[in-house]
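Trainee: Dropping the structure in here first, questions after.
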Amino acid sequence: MRTFREAKDLARSLRAELRARHRLDLTHSECLEIVAREFGFDNWNILAARIEKEGRSRIVPRFLVDGLDIGDPRRATTTTIPVLSIDDSSRALAYYCDFLGFTLDFGGPAGGPAGGPFFGQVIRAETTLRLSERPSAGGATVTIHLSDVDDVHKELSARRADVPDVEEVFWGYRILFLTDPFGNRLELSEPVDRAQAAGLPRWRAD
């Protein structure tokens with residue numbers, strides 16, 4: 001469901017089903033409220049606002065596309081997905097999921113049931129990364145723009161003592177430079193200009 005029409009069609013179908021099966025006659029507005037709650041929102045106005053906001057973006061939020069095949073690019077939260085080389089899937093998931101707080105979206109042998117090296121996708125907030133197990137790993141750099149680098153630094157520092165300080169660089173950003181166990185470099189970048197930072201996503205959910 002990605003448009004108002006789809007949401008309202010779902011509400012109409014629900015209304016007709018309740019009337020036919022249970023002789024329960026709800027209004028269209030009441031059914032819209034039920035649809036909104038089923039998608040995890042308090043009311044229809046909040047869901048409608050989200051649909052309108054996301055309709056202006058090429059990025060489709062995951063709450064609208066759950067259930068799609070794992071190969072569908074709309075599962076991602078960004079239109080660009082870096083593929084990072086790794087040489088050990090267990091160490092990679094420990095770093096990205098347990099330490100950095102990503103969620104594993106999918107992962108397994110690249111050849112499916114036939115086996116092969118690990119290939120997977122991890123997601124946190126508006127950041128999507130893919131991890132590919134290869135014999136010679138390392139070397140990629142990924143810049144992730146966000147608006148709460150200090151909060152993220154505090155979160156990660158509570159998990160490990162060796163997290164580097166946030167650095168302010170001359171091109172107008174405050175950056176937390178991180179290197180994963182395979183030599184891939186992550187740059188968590190927040191603009192010094194607060195107006196620019198205000199339009200960027202937060203990594204922390206709270």
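Residue names in the structure tokens use chain letters A, B, ... in the order shown, residue numbers from 1 in each chain, and ligand numbers from 1 in the order shown.
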Which residues, written as JSON, numbers by chain, have at least one atom at most 9 Å from Phe106 in chain A, with only C-alpha atoms counted and residues fewer than 4 positions away on the same chain left out?

Mentor: {"A": [70, 119, 120, 121, 122]}

Trainee: Any chance you can output those residues with C-alpha atoms as a tab-separated table (two decimals), in the first residue's frame?

Mentor:
chain	number	residue	atom	x	y	z
A	70	ILE	CA	14.16	-9.94	-0.92
A	119	PHE	CA	25.44	-12.45	1.03
A	120	GLY	CA	23.09	-10.34	3.13
A	121	GLN	CA	21.50	-6.97	3.79
A	122	VAL	CA	21.42	-4.98	7.04

Trainee: With distances taken over only C-alpha atoms, which of A:Ser147, A:Thr27, A:Thr103, A:Asn45 is nearest to Ala195 in chain A?

Mentor: A:Ser147

Trainee: Can you list, as a PDB file with C-alpha atoms, in the first residue's frame, every protein, DNA or RNA residue that comes within 12 Å of Gly108 in chain A when you count only C-alpha atoms, leaving out same-chain residues fewer than 6 positions away?

Mentor:
ATOM      1  CA  ILE A  70      14.158  -9.940  -0.916  1.00  0.00           C
ATOM      2  CA  SER A  89      29.896 -13.623   8.171  1.00  0.00           C
ATOM      3  CA  SER A  90      29.786 -14.295  11.932  1.00  0.00           C
ATOM      4  CA  LEU A  93      27.011  -9.725  11.860  1.00  0.00           C
ATOM      5  CA  ALA A 114      23.081 -24.734  -3.480  1.00  0.00           C
ATOM      6  CA  GLY A 115      25.371 -22.985  -1.002  1.00  0.00           C
ATOM      7  CA  GLY A 116      28.165 -20.533  -1.533  1.00  0.00           C
ATOM      8  CA  PRO A 117      29.601 -17.528   0.333  1.00  0.00           C
ATOM      9  CA  PHE A 118      27.413 -15.339   2.557  1.00  0.00           C
ATOM     10  CA  PHE A 119      25.438 -12.446   1.031  1.00  0.00           C
ATOM     11  CA  GLY A 120      23.091 -10.340   3.127  1.00  0.00           C
ATOM     12  CA  GLN A 121      21.496  -6.966   3.792  1.00  0.00           C
ATOM     13  CA  ARG A 130      24.891  -5.268   1.802  1.00  0.00           C
ATOM     14  CA  LEU A 131      27.603  -7.632   3.005  1.00  0.00           C
ATOM     15  CA  SER A 132      29.341  -9.944   0.552  1.00  0.00           C
ATOM     16  CA  GLU A 133      31.719 -12.671   1.668  1.00  0.00           C
TER      17      GLU A 133
END

Trainee: Report, in Å to a single decimal, how far apart CA of Gly101 in chain A and CA of Asn43 in chain A are.

Mentor: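 Here the two named atoms are 29.3 Å from each other.
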
Trainee: Find the residues near range 161-172 of chain A: any atom within 12 Å, counting only C-alpha atoms, skip ones fewer than 6 places away on the same chain, and give them as JSON, numbers by chain.

Mentor: {"A": [99, 100, 148, 149, 150, 151, 152, 153, 154, 155, 178, 179, 180, 187, 188, 189, 190, 191, 192, 193, 194, 196, 197]}

Trainee: Go ahead and save the picked residues with N, CA, C and O atoms, as a PDB file, in the first residue's frame.

Mentor:
ATOM      1  N   PHE A  99      26.974  -4.664  17.489  1.00  0.00           N
ATOM      2  CA  PHE A  99      27.660  -3.445  17.902  1.00  0.00           C
ATOM      3  C   PHE A  99      27.007  -2.189  17.331  1.00  0.00           C
ATOM      4  O   PHE A  99      26.597  -1.299  18.082  1.00  0.00           O
ATOM      5  N   LEU A 100      26.865  -2.103  16.014  1.00  0.00           N
ATOM      6  CA  LEU A 100      26.336  -0.891  15.401  1.00  0.00           C
ATOM      7  C   LEU A 100      24.815  -0.781  15.471  1.00  0.00           C
ATOM      8  O   LEU A 100      24.256   0.275  15.234  1.00  0.00           O
ATOM      9  N   ASP A 148      22.425  13.094  14.288  1.00  0.00           N
ATOM     10  CA  ASP A 148      22.618  12.867  15.728  1.00  0.00           C
ATOM     11  C   ASP A 148      23.909  12.109  16.009  1.00  0.00           C
ATOM     12  O   ASP A 148      23.915  11.134  16.754  1.00  0.00           O
ATOM     13  N   VAL A 149      25.020  12.585  15.436  1.00  0.00           N
ATOM     14  CA  VAL A 149      26.279  11.849  15.560  1.00  0.00           C
ATOM     15  C   VAL A 149      26.738  11.740  17.015  1.00  0.00           C
ATOM     16  O   VAL A 149      27.311  10.722  17.418  1.00  0.00           O
ATOM     17  N   ASP A 150      26.483  12.761  17.834  1.00  0.00           N
ATOM     18  CA  ASP A 150      26.907  12.690  19.237  1.00  0.00           C
ATOM     19  C   ASP A 150      26.132  11.623  20.006  1.00  0.00           C
ATOM     20  O   ASP A 150      26.698  10.905  20.839  1.00  0.00           O
ATOM     21  N   ASP A 151      24.831  11.512  19.731  1.00  0.00           N
ATOM     22  CA  ASP A 151      24.032  10.481  20.382  1.00  0.00           C
ATOM     23  C   ASP A 151      24.505   9.084  19.976  1.00  0.00           C
ATOM     24  O   ASP A 151      24.558   8.163  20.797  1.00  0.00           O
ATOM     25  N   VAL A 152      24.829   8.925  18.689  1.00  0.00           N
ATOM     26  CA  VAL A 152      25.320   7.628  18.213  1.00  0.00           C
ATOM     27  C   VAL A 152      26.662   7.316  18.859  1.00  0.00           C
ATOM     28  O   VAL A 152      26.925   6.178  19.269  1.00  0.00           O
ATOM     29  N   HIS A 153      27.528   8.318  18.948  1.00  0.00           N
ATOM     30  CA  HIS A 153      28.835   8.119  19.589  1.00  0.00           C
ATOM     31  C   HIS A 153      28.665   7.656  21.032  1.00  0.00           C
ATOM     32  O   HIS A 153      29.341   6.725  21.499  1.00  0.00           O
ATOM     33  N   LYS A 154      27.731   8.270  21.737  1.00  0.00           N
ATOM     34  CA  LYS A 154      27.469   7.879  23.134  1.00  0.00           C
ATOM     35  C   LYS A 154      26.961   6.449  23.203  1.00  0.00           C
ATOM     36  O   LYS A 154      27.387   5.663  24.066  1.00  0.00           O
ATOM     37  N   GLU A 155      26.066   6.086  22.292  1.00  0.00           N
ATOM     38  CA  GLU A 155      25.521   4.727  22.266  1.00  0.00           C
ATOM     39  C   GLU A 155      26.613   3.690  22.034  1.00  0.00           C
ATOM     40  O   GLU A 155      26.697   2.677  22.732  1.00  0.00           O
ATOM     41  N   LEU A 178      34.747   5.190  11.547  1.00  0.00           N
ATOM     42  CA  LEU A 178      34.771   3.832  12.060  1.00  0.00           C
ATOM     43  C   LEU A 178      35.330   2.892  10.996  1.00  0.00           C
ATOM     44  O   LEU A 178      35.106   3.096   9.803  1.00  0.00           O
ATOM     45  N   THR A 179      36.038   1.862  11.435  1.00  0.00           N
ATOM     46  CA  THR A 179      36.554   0.846  10.512  1.00  0.00           C
ATOM     47  C   THR A 179      36.102  -0.516  11.001  1.00  0.00           C
ATOM     48  O   THR A 179      36.316  -0.869  12.162  1.00  0.00           O
ATOM     49  N   ASP A 180      35.446  -1.279  10.123  1.00  0.00           N
ATOM     50  CA  ASP A 180      34.968  -2.600  10.523  1.00  0.00           C
ATOM     51  C   ASP A 180      36.117  -3.609  10.519  1.00  0.00           C
ATOM     52  O   ASP A 180      37.249  -3.276  10.139  1.00  0.00           O
ATOM     53  N   GLU A 187      31.848   6.471   7.582  1.00  0.00           N
ATOM     54  CA  GLU A 187      31.948   7.860   8.011  1.00  0.00           C
ATOM     55  C   GLU A 187      30.552   8.356   8.392  1.00  0.00           C
ATOM     56  O   GLU A 187      29.733   8.653   7.525  1.00  0.00           O
ATOM     57  N   LEU A 188      30.265   8.427   9.685  1.00  0.00           N
ATOM     58  CA  LEU A 188      28.976   8.917  10.174  1.00  0.00           C
ATOM     59  C   LEU A 188      29.070  10.435  10.257  1.00  0.00           C
ATOM     60  O   LEU A 188      29.731  10.982  11.140  1.00  0.00           O
ATOM     61  N   SER A 189      28.423  11.117   9.305  1.00  0.00           N
ATOM     62  CA  SER A 189      28.675  12.537   9.064  1.00  0.00           C
ATOM     63  C   SER A 189      27.457  13.402   9.373  1.00  0.00           C
ATOM     64  O   SER A 189      26.374  13.172   8.840  1.00  0.00           O
ATOM     65  N   GLU A 190      27.663  14.406  10.224  1.00  0.00           N
ATOM     66  CA  GLU A 190      26.613  15.382  10.549  1.00  0.00           C
ATOM     67  C   GLU A 190      27.092  16.776  10.167  1.00  0.00           C
ATOM     68  O   GLU A 190      28.180  17.192  10.582  1.00  0.00           O
ATOM     69  N   PRO A 191      26.310  17.520   9.375  1.00  0.00           N
ATOM     70  CA  PRO A 191      26.725  18.881   9.023  1.00  0.00           C
ATOM     71  C   PRO A 191      26.843  19.765  10.261  1.00  0.00           C
ATOM     72  O   PRO A 191      26.030  19.664  11.186  1.00  0.00           O
ATOM     73  N   VAL A 192      27.839  20.648  10.256  1.00  0.00           N
ATOM     74  CA  VAL A 192      27.961  21.627  11.327  1.00  0.00           C
ATOM     75  C   VAL A 192      26.791  22.606  11.266  1.00  0.00           C
ATOM     76  O   VAL A 192      26.275  23.040  12.297  1.00  0.00           O
ATOM     77  N   ASP A 193      26.346  22.934  10.060  1.00  0.00           N
ATOM     78  CA  ASP A 193      25.201  23.817   9.856  1.00  0.00           C
ATOM     79  C   ASP A 193      23.932  23.125  10.349  1.00  0.00           C
ATOM     80  O   ASP A 193      23.502  22.116   9.799  1.00  0.00           O
ATOM     81  N   ARG A 194      23.311  23.682  11.393  1.00  0.00           N
ATOM     82  CA  ARG A 194      22.155  23.029  12.000  1.00  0.00           C
ATOM     83  C   ARG A 194      20.966  22.970  11.046  1.00  0.00           C
ATOM     84  O   ARG A 194      20.145  22.058  11.106  1.00  0.00           O
ATOM     85  N   GLN A 196      21.106  22.454   7.843  1.00  0.00           N
ATOM     86  CA  GLN A 196      21.339  21.295   6.974  1.00  0.00           C
ATOM     87  C   GLN A 196      21.097  19.995   7.735  1.00  0.00           C
ATOM     88  O   GLN A 196      20.511  19.049   7.210  1.00  0.00           O
ATOM     89  N   ALA A 197      21.539  19.944   8.969  1.00  0.00           N
ATOM     90  CA  ALA A 197      21.391  18.726   9.766  1.00  0.00           C
ATOM     91  C   ALA A 197      19.930  18.420  10.070  1.00  0.00           C
ATOM     92  O   ALA A 197      19.544  17.252  10.190  1.00  0.00           O
TER      93      ALA A 197
END

Trainee: Based on DSSP run over this structure's backbone, return all residues of range 90-142 of chain A in alpha helix (DSSP H), as JSON, numbers by chain.

Mentor: {"A": [90, 91, 92, 93]}

Trainee: Hey, what's within 12 Å of Ile144 in chain A if we count only C-alpha atoms and toss same-chain stuff fewer than 5 positions away? As an mmCIF file with C-alpha atoms, in the first residue's frame, please?

Mentor:
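File out38.cif, as written:
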data_model
loop_
_atom_site.group_PDB
_atom_site.id
_atom_site.type_symbol
_atom_site.label_atom_id
_atom_site.label_comp_id
_atom_site.auth_asym_id
_atom_site.auth_seq_id
_atom_site.Cartn_x
_atom_site.Cartn_y
_atom_site.Cartn_z
ATOM 1 C CA THR A 78 17.995 4.268 0.388
ATOM 2 C CA THR A 80 22.105 3.671 -3.153
ATOM 3 C CA ILE A 81 23.214 0.490 -1.385
ATOM 4 C CA PRO A 82 26.949 -0.001 -0.835
ATOM 5 C CA ARG A 124 19.367 0.817 10.441
ATOM 6 C CA ALA A 125 17.189 3.952 10.172
ATOM 7 C CA GLU A 126 17.689 5.338 6.631
ATOM 8 C CA THR A 127 20.855 3.312 5.975
ATOM 9 C CA THR A 128 20.977 0.048 4.021
ATOM 10 C CA LEU A 129 24.187 -1.953 3.495
ATOM 11 C CA VAL A 149 26.279 11.849 15.560
ATOM 12 C CA TYR A 173 31.009 18.210 8.939
ATOM 13 C CA ARG A 174 31.450 16.474 12.270
ATOM 14 C CA ILE A 175 32.354 12.866 11.514
ATOM 15 C CA LEU A 176 32.692 9.659 13.478
ATOM 16 C CA PHE A 177 35.207 7.573 11.535
ATOM 17 C CA LEU A 178 34.771 3.832 12.060
ATOM 18 C CA ARG A 185 35.510 2.535 6.515
ATOM 19 C CA LEU A 186 32.244 4.081 7.731
ATOM 20 C CA GLU A 187 31.948 7.860 8.011
ATOM 21 C CA LEU A 188 28.976 8.917 10.174
ATOM 22 C CA SER A 189 28.675 12.537 9.064
ATOM 23 C CA GLU A 190 26.613 15.382 10.549
ATOM 24 C CA PRO A 191 26.725 18.881 9.023
ATOM 25 C CA LEU A 200 18.671 14.458 7.847
ATOM 26 C CA PRO A 201 17.472 11.228 9.515
ATOM 27 C CA ARG A 202 18.353 10.209 13.040
ATOM 28 C CA TRP A 203 20.062 6.889 13.654
#

Trainee: Hey, what does DSSP flag as strand (DSSP E or B) within range 98-198 of chain A? Can you give it to me as an NGL selection string?

Mentor: :A and (103-109 or 118-124 or 127-133 or 141-145 or 167-169 or 173-179 or 185-191)

Trainee: With distances taken over only C-alpha atoms, which residue among A:Leu156, A:Ala20, A:Leu14, A:Val35 lies nearest Tyr96 in chain A?

Mentor: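 Smallest distance to Tyr96 in chain A is found for A:Leu156.
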